[in-house]
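J.: If it helps, the file is called coords_4.cif and holds mmCIF, C-alpha atoms and all ligand atoms:
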data_start
#
loop_
_atom_site.label_atom_id
_atom_site.label_comp_id
_atom_site.auth_asym_id
_atom_site.auth_seq_id
_atom_site.Cartn_x
_atom_site.Cartn_y
_atom_site.Cartn_z
CA MET A 146 -89.62 -13.63 -6.30
CA ILE A 147 -86.27 -15.10 -5.37
CA ASN A 148 -83.03 -13.49 -6.45
CA ILE A 149 -81.60 -15.50 -9.30
CA ALA A 150 -77.96 -16.24 -8.49
CA LYS A 151 -75.26 -15.62 -11.09
CA ILE A 152 -74.54 -18.94 -12.75
CA TYR A 153 -71.66 -19.48 -15.17
CA THR A 154 -71.84 -22.18 -17.83
CA ASP A 155 -69.48 -23.40 -20.56
CA LYS A 156 -70.14 -20.38 -22.77
CA ASP A 157 -69.10 -17.95 -19.97
CA ALA A 158 -65.96 -19.86 -18.97
CA SER A 159 -62.65 -20.32 -20.77
CA LEU A 160 -59.62 -22.47 -20.11
CA ASP A 161 -57.34 -19.69 -21.42
CA ALA A 162 -56.46 -18.24 -18.00
CA LEU A 163 -54.76 -21.56 -17.11
CA LYS A 164 -53.60 -22.88 -20.50
CA GLY A 165 -49.92 -23.83 -20.35
CA LYS A 166 -49.64 -23.06 -16.65
CA LYS A 167 -48.35 -25.73 -14.32
CA ILE A 168 -51.13 -26.94 -12.05
CA ALA A 169 -50.17 -29.01 -8.99
CA VAL A 170 -52.93 -31.28 -7.71
CA LEU A 171 -52.07 -32.25 -4.13
CA GLY A 172 -53.76 -35.54 -3.20
CA TYR A 173 -55.14 -38.35 -5.33
CA GLY A 174 -58.17 -39.46 -3.32
CA ASN A 175 -61.89 -38.82 -3.82
CA GLN A 176 -61.63 -35.39 -5.45
CA GLY A 177 -57.92 -35.42 -6.40
CA ARG A 178 -58.24 -38.31 -8.84
CA ALA A 179 -61.37 -36.87 -10.46
CA TRP A 180 -59.92 -33.37 -10.86
CA ALA A 181 -56.52 -34.52 -12.12
CA LEU A 182 -58.05 -36.81 -14.75
CA ASN A 183 -60.76 -34.38 -15.85
CA MET A 184 -58.36 -31.43 -16.13
CA LYS A 185 -55.81 -33.54 -18.00
CA ASP A 186 -58.52 -34.71 -20.40
CA SER A 187 -59.51 -31.05 -20.83
CA GLY A 188 -55.97 -30.24 -21.98
CA LEU A 189 -54.55 -28.65 -18.84
CA ASN A 190 -51.03 -29.26 -17.58
CA ILE A 191 -51.27 -31.32 -14.39
CA VAL A 192 -48.69 -32.62 -11.96
CA VAL A 193 -49.87 -34.82 -9.09
CA GLY A 194 -48.14 -34.17 -5.76
CA LEU A 195 -48.20 -36.77 -2.97
CA GLU A 196 -46.61 -37.24 0.41
CA ARG A 197 -44.95 -40.53 -0.42
CA GLN A 198 -45.23 -43.74 -2.41
CA GLY A 199 -48.27 -45.80 -1.50
CA LYS A 200 -51.80 -46.54 -2.65
CA SER A 201 -52.52 -43.12 -4.15
CA TRP A 202 -49.11 -43.09 -5.85
CA GLU A 203 -49.86 -46.44 -7.49
CA LYS A 204 -53.35 -45.36 -8.52
CA ALA A 205 -52.06 -42.13 -10.09
CA THR A 206 -49.32 -44.03 -11.93
CA LYS A 207 -51.83 -46.56 -13.23
CA ASP A 208 -53.95 -43.64 -14.49
CA GLY A 209 -50.99 -42.31 -16.48
CA PHE A 210 -49.57 -39.64 -14.17
CA LYS A 211 -46.01 -39.41 -12.91
CA PRO A 212 -46.62 -38.37 -9.31
CA VAL A 213 -43.90 -36.52 -7.42
CA LYS A 214 -43.45 -35.49 -3.81
CA THR A 215 -45.55 -32.56 -2.60
CA GLU A 216 -42.52 -30.28 -2.21
CA ASP A 217 -41.40 -31.03 -5.79
CA ALA A 218 -44.89 -30.61 -7.24
CA VAL A 219 -45.29 -27.11 -5.80
CA LYS A 220 -41.77 -25.87 -6.64
CA ASP A 221 -42.51 -24.34 -10.02
CA ALA A 222 -46.29 -24.64 -9.97
CA ASP A 223 -48.37 -21.63 -10.97
CA VAL A 224 -51.49 -23.08 -9.35
CA ILE A 225 -51.57 -25.29 -6.25
CA ILE A 226 -54.80 -27.17 -5.56
CA PHE A 227 -55.40 -28.68 -2.11
CA LEU A 228 -57.21 -32.01 -2.54
CA ILE A 229 -55.90 -33.68 0.59
CA PRO A 230 -58.03 -34.15 3.72
CA ASP A 231 -59.07 -30.89 5.40
CA MET A 232 -57.30 -31.85 8.62
CA VAL A 233 -53.90 -32.39 7.01
CA GLN A 234 -53.92 -29.24 4.87
CA ARG A 235 -52.49 -26.94 7.55
CA THR A 236 -49.44 -29.15 8.25
CA VAL A 237 -48.79 -29.78 4.56
CA TRP A 238 -49.12 -26.04 3.95
CA LEU A 239 -46.65 -25.12 6.71
CA GLU A 240 -44.12 -27.88 6.06
CA LYS A 241 -44.23 -28.58 2.32
CA VAL A 242 -46.05 -25.91 0.37
CA ARG A 243 -45.16 -22.53 1.88
CA PRO A 244 -41.38 -23.15 2.03
CA ASN A 245 -41.23 -24.42 -1.56
CA MET A 246 -43.86 -22.61 -3.59
CA LYS A 247 -43.17 -19.98 -6.21
CA LYS A 248 -43.85 -16.45 -4.95
CA GLY A 249 -47.37 -15.44 -5.83
CA ALA A 250 -48.57 -18.88 -6.93
CA ASP A 251 -52.33 -19.43 -6.76
CA LEU A 252 -53.79 -21.38 -3.83
CA VAL A 253 -56.97 -23.26 -4.66
CA PHE A 254 -59.40 -25.16 -2.43
CA ALA A 255 -62.35 -27.52 -2.95
CA HIS A 256 -63.80 -26.60 0.44
CA GLY A 257 -63.23 -23.43 2.45
CA PHE A 258 -62.56 -25.00 5.85
CA ASN A 259 -58.88 -24.12 6.32
CA ILE A 260 -59.16 -20.57 5.00
CA HIS A 261 -62.45 -19.72 6.67
CA PHE A 262 -61.40 -21.05 10.06
CA LYS A 263 -57.96 -19.42 9.67
CA MET A 264 -55.97 -22.65 9.81
CA ILE A 265 -54.10 -21.55 6.70
CA GLU A 266 -53.07 -17.92 6.45
CA PRO A 267 -52.12 -17.36 2.83
CA PRO A 268 -49.41 -14.93 1.76
CA THR A 269 -50.91 -11.62 0.64
CA ASP A 270 -49.42 -11.86 -2.86
CA SER A 271 -51.25 -15.06 -3.86
CA ASP A 272 -54.65 -15.35 -5.48
CA VAL A 273 -56.76 -17.58 -3.25
CA TYR A 274 -59.91 -19.07 -4.71
CA MET A 275 -62.22 -22.03 -4.47
CA VAL A 276 -64.01 -24.47 -6.73
CA ALA A 277 -66.25 -26.60 -4.52
CA PRO A 278 -68.01 -29.51 -6.20
CA LYS A 279 -71.50 -30.10 -4.87
CA GLY A 280 -71.06 -33.86 -5.16
CA PRO A 281 -68.69 -36.73 -4.42
CA GLY A 282 -65.41 -37.13 -6.33
CA ASP A 283 -66.41 -40.35 -8.06
CA THR A 284 -69.47 -38.55 -9.45
CA VAL A 285 -67.28 -35.65 -10.65
CA ARG A 286 -65.33 -38.15 -12.74
CA GLU A 287 -68.29 -40.30 -13.79
CA TYR A 288 -70.36 -37.34 -15.05
CA TYR A 289 -67.37 -35.84 -16.89
CA VAL A 290 -66.62 -39.09 -18.73
CA ALA A 291 -70.29 -39.33 -19.71
CA GLY A 292 -70.21 -35.78 -21.13
CA GLY A 293 -71.73 -34.00 -18.12
CA GLY A 294 -70.53 -32.29 -14.98
CA VAL A 295 -71.28 -31.81 -11.30
CA PRO A 296 -72.21 -28.21 -10.35
CA VAL A 297 -69.74 -26.22 -8.24
CA LEU A 298 -69.60 -23.15 -6.05
CA VAL A 299 -66.79 -20.75 -6.96
CA ALA A 300 -65.45 -18.07 -4.66
CA THR A 301 -62.48 -15.77 -4.30
CA TYR A 302 -60.78 -14.94 -1.00
CA GLN A 303 -57.83 -12.94 -2.34
CA ASP A 304 -57.82 -11.53 -5.84
CA VAL A 305 -54.37 -10.00 -6.33
CA SER A 306 -54.27 -10.45 -10.09
CA GLY A 307 -57.85 -9.37 -10.70
CA LYS A 308 -58.27 -12.70 -12.48
CA ALA A 309 -59.08 -15.02 -9.59
CA LEU A 310 -62.69 -15.60 -10.63
CA GLU A 311 -61.64 -16.15 -14.24
CA LYS A 312 -59.17 -18.81 -13.08
CA ALA A 313 -61.70 -20.44 -10.77
CA LEU A 314 -64.04 -20.69 -13.74
CA ALA A 315 -61.25 -22.16 -15.86
CA ILE A 316 -60.81 -24.92 -13.29
CA ALA A 317 -64.57 -25.37 -13.11
CA LYS A 318 -64.57 -25.80 -16.88
CA GLY A 319 -61.58 -28.13 -16.72
CA ILE A 320 -63.34 -30.50 -14.35
CA GLY A 321 -66.55 -30.35 -16.41
CA ALA A 322 -68.56 -28.39 -13.86
CA THR A 323 -69.60 -25.55 -16.20
CA ARG A 324 -71.33 -28.10 -18.43
CA SER A 325 -73.76 -27.93 -15.53
CA GLY A 326 -73.13 -24.62 -13.77
CA ALA A 327 -70.81 -22.69 -11.47
CA LEU A 328 -72.53 -20.51 -8.91
CA VAL A 329 -70.68 -17.66 -7.24
CA SER A 330 -70.51 -18.01 -3.45
CA SER A 331 -68.04 -17.04 -0.72
CA PHE A 332 -65.62 -19.03 1.45
CA LYS A 333 -67.87 -18.39 4.44
CA GLU A 334 -71.08 -19.44 2.74
CA GLU A 335 -69.59 -22.56 1.14
CA THR A 336 -67.84 -23.70 4.31
CA GLU A 337 -70.82 -23.24 6.59
CA THR A 338 -73.48 -24.63 4.27
CA ASP A 339 -71.32 -27.61 3.30
CA LEU A 340 -70.76 -28.55 6.94
CA VAL A 341 -74.40 -28.07 7.89
CA GLY A 342 -75.47 -30.08 4.84
CA GLU A 343 -73.25 -33.07 5.50
CA GLN A 344 -74.06 -33.11 9.22
CA THR A 345 -77.83 -32.74 9.09
CA ILE A 346 -78.88 -34.32 5.80
CA LEU A 347 -76.35 -35.71 3.32
CA VAL A 348 -74.38 -37.87 5.72
CA GLY A 349 -75.72 -37.62 9.27
CA GLY A 350 -79.40 -36.97 8.65
CA ILE A 351 -80.02 -39.51 5.93
CA MET A 352 -77.99 -42.18 7.72
CA GLU A 353 -79.78 -41.80 11.04
CA LEU A 354 -83.20 -41.54 9.43
CA MET A 355 -82.59 -44.74 7.45
CA LYS A 356 -81.26 -46.53 10.51
CA SER A 357 -84.19 -45.38 12.65
CA ALA A 358 -86.77 -46.60 10.13
CA PHE A 359 -84.91 -49.85 9.33
CA GLU A 360 -84.22 -50.81 12.92
CA THR A 361 -87.75 -49.98 14.05
CA LEU A 362 -89.29 -52.23 11.40
CA VAL A 363 -86.88 -55.05 12.31
CA GLU A 364 -87.63 -54.62 16.03
CA MET A 365 -91.32 -54.97 15.17
CA GLY A 366 -90.63 -58.37 13.62
CA TYR A 367 -90.53 -57.64 9.90
CA GLN A 368 -87.89 -59.39 7.79
CA PRO A 369 -84.63 -57.38 7.63
CA GLU A 370 -84.51 -57.83 3.84
CA VAL A 371 -88.00 -56.37 3.46
CA ALA A 372 -87.10 -53.50 5.80
CA TYR A 373 -83.90 -52.89 3.78
CA PHE A 374 -85.73 -52.67 0.46
CA GLU A 375 -88.20 -50.23 1.94
CA THR A 376 -86.10 -47.94 4.12
CA ILE A 377 -82.70 -47.91 2.41
CA ASN A 378 -82.70 -49.33 -1.11
CA GLU A 379 -85.75 -47.50 -2.46
CA VAL A 380 -84.44 -44.16 -1.21
CA LYS A 381 -82.20 -43.95 -4.27
CA MET A 382 -85.13 -44.28 -6.65
CA ILE A 383 -87.18 -41.65 -4.84
CA VAL A 384 -84.16 -39.32 -4.62
CA ASP A 385 -83.47 -39.82 -8.35
CA ILE A 386 -86.97 -38.53 -9.10
CA ILE A 387 -86.51 -35.58 -6.72
CA HIS A 388 -83.16 -34.95 -8.40
CA SER A 389 -84.68 -34.62 -11.86
CA LYS A 390 -88.16 -33.26 -11.07
CA GLY A 391 -88.06 -31.66 -7.62
CA LEU A 392 -90.19 -32.52 -4.60
CA SER A 393 -93.45 -31.77 -6.44
CA GLY A 394 -92.40 -34.10 -9.24
CA MET A 395 -91.72 -36.82 -6.68
CA LEU A 396 -95.12 -36.36 -5.05
CA ARG A 397 -96.77 -36.73 -8.45
CA ALA A 398 -94.82 -39.94 -9.12
CA VAL A 399 -95.99 -41.75 -5.98
CA SER A 400 -99.47 -43.07 -5.21
CA ASP A 401 -102.15 -40.86 -3.67
CA THR A 402 -101.93 -43.11 -0.62
CA ALA A 403 -98.22 -42.29 -0.33
CA LYS A 404 -98.89 -38.60 -0.94
CA TYR A 405 -101.45 -38.49 1.90
CA GLY A 406 -99.32 -40.57 4.30
CA GLY A 407 -96.16 -38.66 3.45
CA ILE A 408 -97.74 -35.22 3.72
CA THR A 409 -99.39 -35.94 7.08
CA VAL A 410 -96.96 -38.26 8.86
CA GLY A 411 -93.71 -36.80 7.53
CA LYS A 412 -94.29 -33.58 9.46
CA LYS A 413 -94.92 -35.53 12.66
CA VAL A 414 -91.66 -37.49 12.40
CA ILE A 415 -89.51 -34.62 11.13
CA ASN A 416 -91.14 -32.04 13.37
CA GLU A 417 -90.33 -28.58 14.77
CA ASP A 418 -87.87 -30.20 17.18
CA VAL A 419 -85.81 -31.44 14.25
CA ARG A 420 -85.74 -27.94 12.75
CA LYS A 421 -84.58 -26.59 16.09
CA ARG A 422 -81.76 -29.11 16.20
CA ILE A 423 -80.74 -28.35 12.61
CA ARG A 424 -80.58 -24.70 13.65
CA GLU A 425 -78.44 -25.63 16.66
CA ALA A 426 -76.07 -27.62 14.47
CA ALA A 427 -75.83 -24.65 12.08
CA GLU A 428 -75.10 -22.25 14.94
CA ARG A 429 -72.32 -24.54 16.17
CA VAL A 430 -70.82 -24.53 12.69
CA ARG A 431 -71.09 -20.75 12.43
CA SER A 432 -69.52 -20.06 15.79
CA GLY A 433 -66.53 -22.29 15.02
CA GLU A 434 -67.40 -24.66 17.87
CA PHE A 435 -67.74 -27.64 15.52
CA ALA A 436 -64.43 -26.86 13.78
CA ALA A 437 -62.59 -26.73 17.11
CA GLU A 438 -64.16 -30.00 18.24
CA TRP A 439 -63.24 -31.70 14.94
CA VAL A 440 -59.61 -30.53 15.13
CA GLU A 441 -59.41 -31.97 18.65
CA GLU A 442 -60.93 -35.30 17.53
CA TYR A 443 -58.51 -35.46 14.59
CA ASN A 444 -55.54 -34.78 16.86
CA LYS A 445 -56.59 -37.64 19.15
CA GLY A 446 -56.45 -40.06 16.20
CA MET A 447 -60.15 -39.86 15.27
CA PRO A 448 -61.50 -42.34 17.87
CA VAL A 449 -65.11 -41.30 17.26
CA VAL A 450 -64.79 -41.66 13.48
CA ILE A 451 -63.12 -45.06 13.78
CA ASN A 452 -65.75 -46.29 16.21
CA GLY A 453 -68.61 -44.99 14.05
CA LEU A 454 -67.22 -46.80 11.03
CA LYS A 455 -66.82 -50.01 13.01
CA GLU A 456 -70.37 -49.81 14.34
CA ASN A 457 -71.75 -49.44 10.84
CA ASP A 458 -69.52 -52.20 9.45
CA ASN A 459 -70.98 -54.56 12.04
CA SER A 460 -74.59 -53.39 11.75
CA LEU A 461 -77.49 -55.51 10.54
CA GLU A 462 -78.12 -52.89 7.81
CA GLN A 463 -74.65 -53.55 6.40
CA LYS A 464 -75.03 -57.33 6.57
CA VAL A 465 -78.29 -57.10 4.63
CA ALA A 466 -76.69 -54.67 2.17
CA ASP A 467 -73.90 -57.19 1.53
CA GLU A 468 -76.41 -60.04 1.25
CA LEU A 469 -78.59 -58.19 -1.28
CA ARG A 470 -75.84 -56.49 -3.26
CA GLU A 471 -75.77 -59.04 -6.05
CA LEU A 472 -79.53 -58.91 -6.48
CA ILE A 473 -79.52 -55.10 -6.49
CA GLU A 474 -76.61 -54.80 -8.93
CA ARG A 475 -78.22 -57.38 -11.23
CA GLY A 476 -81.31 -55.20 -11.54
CA LYS A 477 -79.57 -51.92 -12.34
CA PRO A 478 -79.99 -50.54 -15.86
CA LYS A 479 -77.20 -51.70 -18.15
CA LYS A 480 -75.13 -48.88 -19.67
N1 LIG B 501 -64.97 -36.25 -0.67
C1 LIG B 501 -65.58 -35.47 -1.52
O1 LIG B 501 -66.20 -35.94 -2.46
C2 LIG B 501 -65.53 -33.97 -1.39
C3 LIG B 501 -64.42 -33.38 -0.84
N2 LIG B 501 -64.27 -32.02 -0.86
C4 LIG B 501 -63.05 -31.41 -0.31
O2 LIG B 501 -61.96 -31.86 -1.10
C5 LIG B 501 -60.79 -31.95 -0.31
C6 LIG B 501 -60.21 -33.35 -0.39
O3 LIG B 501 -61.15 -34.26 0.17
P1 LIG B 501 -61.18 -35.79 -0.29
O4 LIG B 501 -61.05 -35.85 -1.77
O5 LIG B 501 -62.35 -36.42 0.37
O6 LIG B 501 -59.83 -36.28 0.37
P2 LIG B 501 -59.29 -37.79 0.56
O7 LIG B 501 -59.47 -38.20 1.97
O8 LIG B 501 -59.84 -38.67 -0.51
O9 LIG B 501 -57.74 -37.50 0.27
C7 LIG B 501 -56.85 -38.52 0.25
C8 LIG B 501 -55.60 -38.10 -0.49
O10 LIG B 501 -54.80 -37.22 0.29
C9 LIG B 501 -53.51 -37.76 0.40
N3 LIG B 501 -52.93 -37.41 1.70
C10 LIG B 501 -53.39 -37.80 2.92
N4 LIG B 501 -52.60 -37.31 3.89
C11 LIG B 501 -51.62 -36.61 3.28
C12 LIG B 501 -50.50 -35.86 3.73
N5 LIG B 501 -50.20 -35.75 5.03
N6 LIG B 501 -49.71 -35.26 2.80
C13 LIG B 501 -49.98 -35.34 1.49
N7 LIG B 501 -51.03 -36.05 0.99
C14 LIG B 501 -51.83 -36.66 1.88
C15 LIG B 501 -53.69 -39.26 0.26
O11 LIG B 501 -52.49 -39.87 -0.16
C16 LIG B 501 -54.76 -39.32 -0.80
O12 LIG B 501 -54.20 -39.21 -2.08
C17 LIG B 501 -61.22 -31.56 1.11
O13 LIG B 501 -60.99 -30.19 1.24
C18 LIG B 501 -62.72 -31.85 1.10
O14 LIG B 501 -63.47 -31.10 2.04
C19 LIG B 501 -65.18 -31.19 -1.47
C20 LIG B 501 -66.31 -31.73 -2.05
C21 LIG B 501 -66.61 -33.14 -1.95
C1 LIG B 502 -69.24 -35.12 -0.88
C2 LIG B 502 -69.35 -33.79 -0.21
O1 LIG B 502 -69.70 -32.82 -0.84
C3 LIG B 502 -69.18 -33.67 1.25
C4 LIG B 502 -70.25 -34.53 1.87
O2 LIG B 502 -69.38 -32.33 1.62
C5 LIG B 502 -67.80 -34.11 1.73
O3 LIG B 502 -67.38 -35.23 1.39
O4 LIG B 502 -67.16 -33.34 2.46
MG MG B 503 -70.04 -31.06 0.09
MG MG B 504 -67.90 -31.47 2.89
#
If you took the structure in this file and wrote it as structure tokens, what would it be?
Ligand SMILES: NC(=O)C1=CN([C@@H]2O[C@H](COP(=O)(O)OP(=O)(O)OC[C@H]3O[C@@H](n4cnc5c(N)ncnc54)[C@H](O)[C@@H]3O)[C@@H](O)[C@H]2O)C=CC1
Ligand SMILES: CC(=O)[C@](C)(O)C(=O)O
Ligand SMILES: [Mg+2]
Ligand SMILES: [Mg+2]
T.:
Amino acid sequence: MINIAKIYTDKDASLDALKGKKIAVLGYGNQGRAWALNMKDSGLNIVVGLERQGKSWEKATKDGFKPVKTEDAVKDADVIIFLIPDMVQRTVWLEKVRPNMKKGADLVFAHGFNIHFKMIEPPTDSDVYMVAPKGPGDTVREYYVAGGGVPVLVATYQDVSGKALEKALAIAKGIGATRSGALVSSFKEETETDLVGEQTILVGGIMELMKSAFETLVEMGYQPEVAYFETINEVKMIVDIIHSKGLSGMLRAVSDTAKYGGITVGKKVINEDVRKRIREAAERVRSGEFAAEWVEEYNKGMPVVINGLKENDNSLEQKVADELRELIERGKPKK
């Protein structure tokens, strides 16, 4: 038997702990926009804080907010939520938040990176907690609007008031997550598993596996469009079945031929070597080696990230994706 984790849903969570409090959402990007809109629609009191006027400022204004500068947003905020990129959080904390925040205001994160790797050292009189969506920001908004929610991990790092978990759950409810479920984790567990997940499967693994299969088929002379349908486009449909029915459900939904081929060949492609390398990646995350390397890359102006984006922009996969987009969109179920 596995241990069943404690999961909080709507009936266990209340907005009361945050009702009427001033909540500063710093950042209006992937997660910031979704959280600010969802929490506002849930009846919470939100102010959006941004570095300066620009794209995010315009977007927030268009969505009905009156954004203010970070230092003004945090001034009388009871709760300060960091939804700006992980690599800018330390500087914004040191220069804008710490000097201007109300004594004892709550510090909230959507990912534990800066706390876990000690890039932000919070004052001892603040509650520090986390609500980490296990999904992209656009999905957090999309599911909420449609009456659902993306699950989250909640965790407390400092619980001065004794109410940190209650407040984390209030935010989880505010963004719609407890319609699904909030699972109690820790800053360490969330940070490490999130990094390992995005490196080895969600972002890195799936991308490289798709590229390997696509490019191999093209090299062997098959049409790029046919290779794209098979190795990239259909992944969504298979993953959708896994998402609702699990791996067994997926196996039952494909042909016996696919079951046999998948069960036998899958293990040869994704073999013990791959497991060993996933373990290595996880150890590098755990030891802090990855975090140090990423800080260095960020400080150099992200040359590797920029180059990786450029390579993908110019790839055959992307050209075919652009070519087939209209066809693919045309076929999607109409809402
Ligand atoms: N992208 C996602 O869907 C997920 C993100 N997270 C976490 O959420 C947090 C935010 O990530 P994203 O939403 O991807 O961020 P993002 O990259 O979309 O954030 C952009 C926003 O930050 C603002 N910003 C950038 N530099 C700034 C600065 N120096 N001062 C003030 N504002 C600045 C931009 O104006 C923009 O509004 C991170 O901790 C991330 O790990 C957690 C789960 C999923
Ligand atoms: C979307 C998400 O959860 C990620 C992949 O962990 C992230 O964007 O950092
Ligand atoms: Mg994640
Ligand atoms: Mg992440």
J.: When you count only C-alpha atoms and all ligand atoms, which of these residues is closest to ligand MG 504 (chain B): A:Gln234, A:Thr215, A:Thr336, A:Asn190?
T.: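 Among the listed residues, the smallest separation from ligand MG 504 (chain B) belongs to A:Thr336.
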J.: Determine, using only C-alpha atoms and all ligand atoms, which residues of chain A have any atom at most 10 Å from an atom of ligand MG 503 (chain B), and tabulate each with its shortest atom pair and distance in Å to one decimal place, rows ordered by chain and then rising number, as a Markdown table.
T.:
| residue | atom | partner | partner_atom | distance |
| --- | --- | --- | --- | --- |
| A:Ala255 | CA | B:MG503 | MG | 9.0 |
| A:His256 | CA | B:MG503 | MG | 7.7 |
| A:Ala277 | CA | B:MG503 | MG | 7.5 |
| A:Pro278 | CA | B:MG503 | MG | 6.8 |
| A:Lys279 | CA | B:MG503 | MG | 5.3 |
| A:Gly280 | CA | B:MG503 | MG | 6.0 |
| A:Pro281 | CA | B:MG503 | MG | 7.4 |
| A:Gly282 | CA | B:MG503 | MG | 10.0 |
| A:Val297 | CA | B:MG503 | MG | 9.6 |
| A:Glu335 | CA | B:MG503 | MG | 8.6 |
| A:Thr336 | CA | B:MG503 | MG | 8.8 |
| A:Thr338 | CA | B:MG503 | MG | 8.4 |
| A:Asp339 | CA | B:MG503 | MG | 4.9 |
| A:Leu340 | CA | B:MG503 | MG | 7.3 |
| A:Val341 | CA | B:MG503 | MG | 9.4 |
| A:Gly342 | CA | B:MG503 | MG | 7.3 |
| A:Glu343 | CA | B:MG503 | MG | 6.6 |
| A:Leu347 | CA | B:MG503 | MG | 8.5 |
| A:Val348 | CA | B:MG503 | MG | 9.8 |
J.: Put those residues in a file: C-alpha atoms, as a compact mmCIF listing (two decimals), in the frame of the given file.
T.:
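Everything below was put into selection-v5.txt:
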# COMPACT_ATOMS: atom_id res chain seq x y z
CA ALA A 255 -62.35 -27.52 -2.95
CA HIS A 256 -63.80 -26.60 0.44
CA ALA A 277 -66.25 -26.60 -4.52
CA PRO A 278 -68.01 -29.51 -6.20
CA LYS A 279 -71.50 -30.10 -4.87
CA GLY A 280 -71.06 -33.86 -5.16
CA PRO A 281 -68.69 -36.73 -4.42
CA GLY A 282 -65.41 -37.13 -6.33
CA VAL A 297 -69.74 -26.22 -8.24
CA GLU A 335 -69.59 -22.56 1.14
CA THR A 336 -67.84 -23.70 4.31
CA THR A 338 -73.48 -24.63 4.27
CA ASP A 339 -71.32 -27.61 3.30
CA LEU A 340 -70.76 -28.55 6.94
CA VAL A 341 -74.40 -28.07 7.89
CA GLY A 342 -75.47 -30.08 4.84
CA GLU A 343 -73.25 -33.07 5.50
CA LEU A 347 -76.35 -35.71 3.32
CA VAL A 348 -74.38 -37.87 5.72
J.: How far is it from atom O9 of ligand LIG 501 (chain B) to atom CA of Ile451 of chain A, in Å with one decimal?
T.: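 Going from atom O9 of ligand LIG 501 (chain B) over to atom CA of Ile451 of chain A, I get 16.4 Å.
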J.: Which residues of chain A have any atom within 9 Å of an atom in ligand LIG 501 (chain B) when counting all atoms listed in the file, and what is the closest pair of atoms for each, with the distance in Å to one decimal? Order the rows by chain and rising number and write it as a Markdown table.
T.:
| residue | atom | partner | partner_atom | distance |
| --- | --- | --- | --- | --- |
| A:Leu171 | CA | B:LIG501 | N7 | 6.5 |
| A:Gly172 | CA | B:LIG501 | O12 | 3.9 |
| A:Tyr173 | CA | B:LIG501 | O12 | 3.5 |
| A:Gly174 | CA | B:LIG501 | O8 | 3.4 |
| A:Asn175 | CA | B:LIG501 | O4 | 3.7 |
| A:Gln176 | CA | B:LIG501 | O4 | 3.8 |
| A:Gly177 | CA | B:LIG501 | O4 | 5.6 |
| A:Arg178 | CA | B:LIG501 | O12 | 7.9 |
| A:Ala179 | CA | B:LIG501 | O4 | 8.8 |
| A:Gly194 | CA | B:LIG501 | C13 | 7.6 |
| A:Leu195 | CA | B:LIG501 | N7 | 4.9 |
| A:Glu196 | CA | B:LIG501 | C13 | 4.0 |
| A:Arg197 | CA | B:LIG501 | C13 | 7.5 |
| A:Gln198 | CA | B:LIG501 | O11 | 8.5 |
| A:Gly199 | CA | B:LIG501 | O11 | 7.4 |
| A:Lys200 | CA | B:LIG501 | O11 | 7.2 |
| A:Ser201 | CA | B:LIG501 | O12 | 4.7 |
| A:Trp202 | CA | B:LIG501 | O11 | 7.4 |
| A:Lys204 | CA | B:LIG501 | O12 | 8.9 |
| A:Ala205 | CA | B:LIG501 | O12 | 8.8 |
| A:Lys214 | CA | B:LIG501 | C13 | 8.4 |
| A:Thr215 | CA | B:LIG501 | C13 | 6.6 |
| A:Phe227 | CA | B:LIG501 | C5 | 6.6 |
| A:Leu228 | CA | B:LIG501 | C6 | 3.9 |
| A:Ile229 | CA | B:LIG501 | O10 | 3.7 |
| A:Pro230 | CA | B:LIG501 | O6 | 4.4 |
| A:Asp231 | CA | B:LIG501 | O13 | 4.6 |
| A:Met232 | CA | B:LIG501 | O13 | 8.4 |
| A:Val233 | CA | B:LIG501 | N5 | 5.4 |
| A:Gln234 | CA | B:LIG501 | N5 | 7.5 |
| A:Thr236 | CA | B:LIG501 | N5 | 7.4 |
| A:Val237 | CA | B:LIG501 | N6 | 5.8 |
| A:Lys241 | CA | B:LIG501 | N6 | 8.7 |
| A:Phe254 | CA | B:LIG501 | O13 | 6.4 |
| A:Ala255 | CA | B:LIG501 | O2 | 4.7 |
| A:His256 | CA | B:LIG501 | O13 | 4.6 |
| A:Gly257 | CA | B:LIG501 | O13 | 7.2 |
| A:Phe258 | CA | B:LIG501 | O13 | 7.1 |
| A:Asn259 | CA | B:LIG501 | O13 | 8.2 |
| A:Val276 | CA | B:LIG501 | C19 | 8.6 |
| A:Ala277 | CA | B:LIG501 | C19 | 5.6 |
| A:Pro278 | CA | B:LIG501 | C20 | 5.0 |
| A:Lys279 | CA | B:LIG501 | C20 | 6.1 |
| A:Gly280 | CA | B:LIG501 | C21 | 5.5 |
| A:Pro281 | CA | B:LIG501 | O1 | 3.3 |
| A:Gly282 | CA | B:LIG501 | O1 | 4.1 |
| A:Asp283 | CA | B:LIG501 | O1 | 7.1 |
| A:Thr284 | CA | B:LIG501 | O1 | 8.1 |
| A:Val285 | CA | B:LIG501 | O1 | 8.3 |
| A:Val297 | CA | B:LIG501 | C20 | 9.0 |
| A:Thr336 | CA | B:LIG501 | O14 | 8.9 |
| A:Asp339 | CA | B:LIG501 | C20 | 8.4 |
J.: Would you mind telling me which residue in A:Ala317, A:Leu328, A:Leu310, A:Met246 lies nearest to Ala150 of chain A when using only C-alpha atoms?
T.: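 Among A:Ala317, A:Leu328, A:Leu310, A:Met246, it is A:Leu328 that comes nearest to Ala150 of chain A.
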J.: Which neighbours of Gln303 of chain A fall inside 10 Å, counting all atoms listed in the file, when residues of the same chain fewer than 4 positions from it are skipped, and could you give them as a list in words?
T.: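 Once the nearby chain positions are removed, what remains is Asp251, Leu252, Pro267, Pro268, Thr269, Asp270, Ser271, Asp272, Val273, Tyr274, Gly307, Ala309 and Leu310 of chain A.
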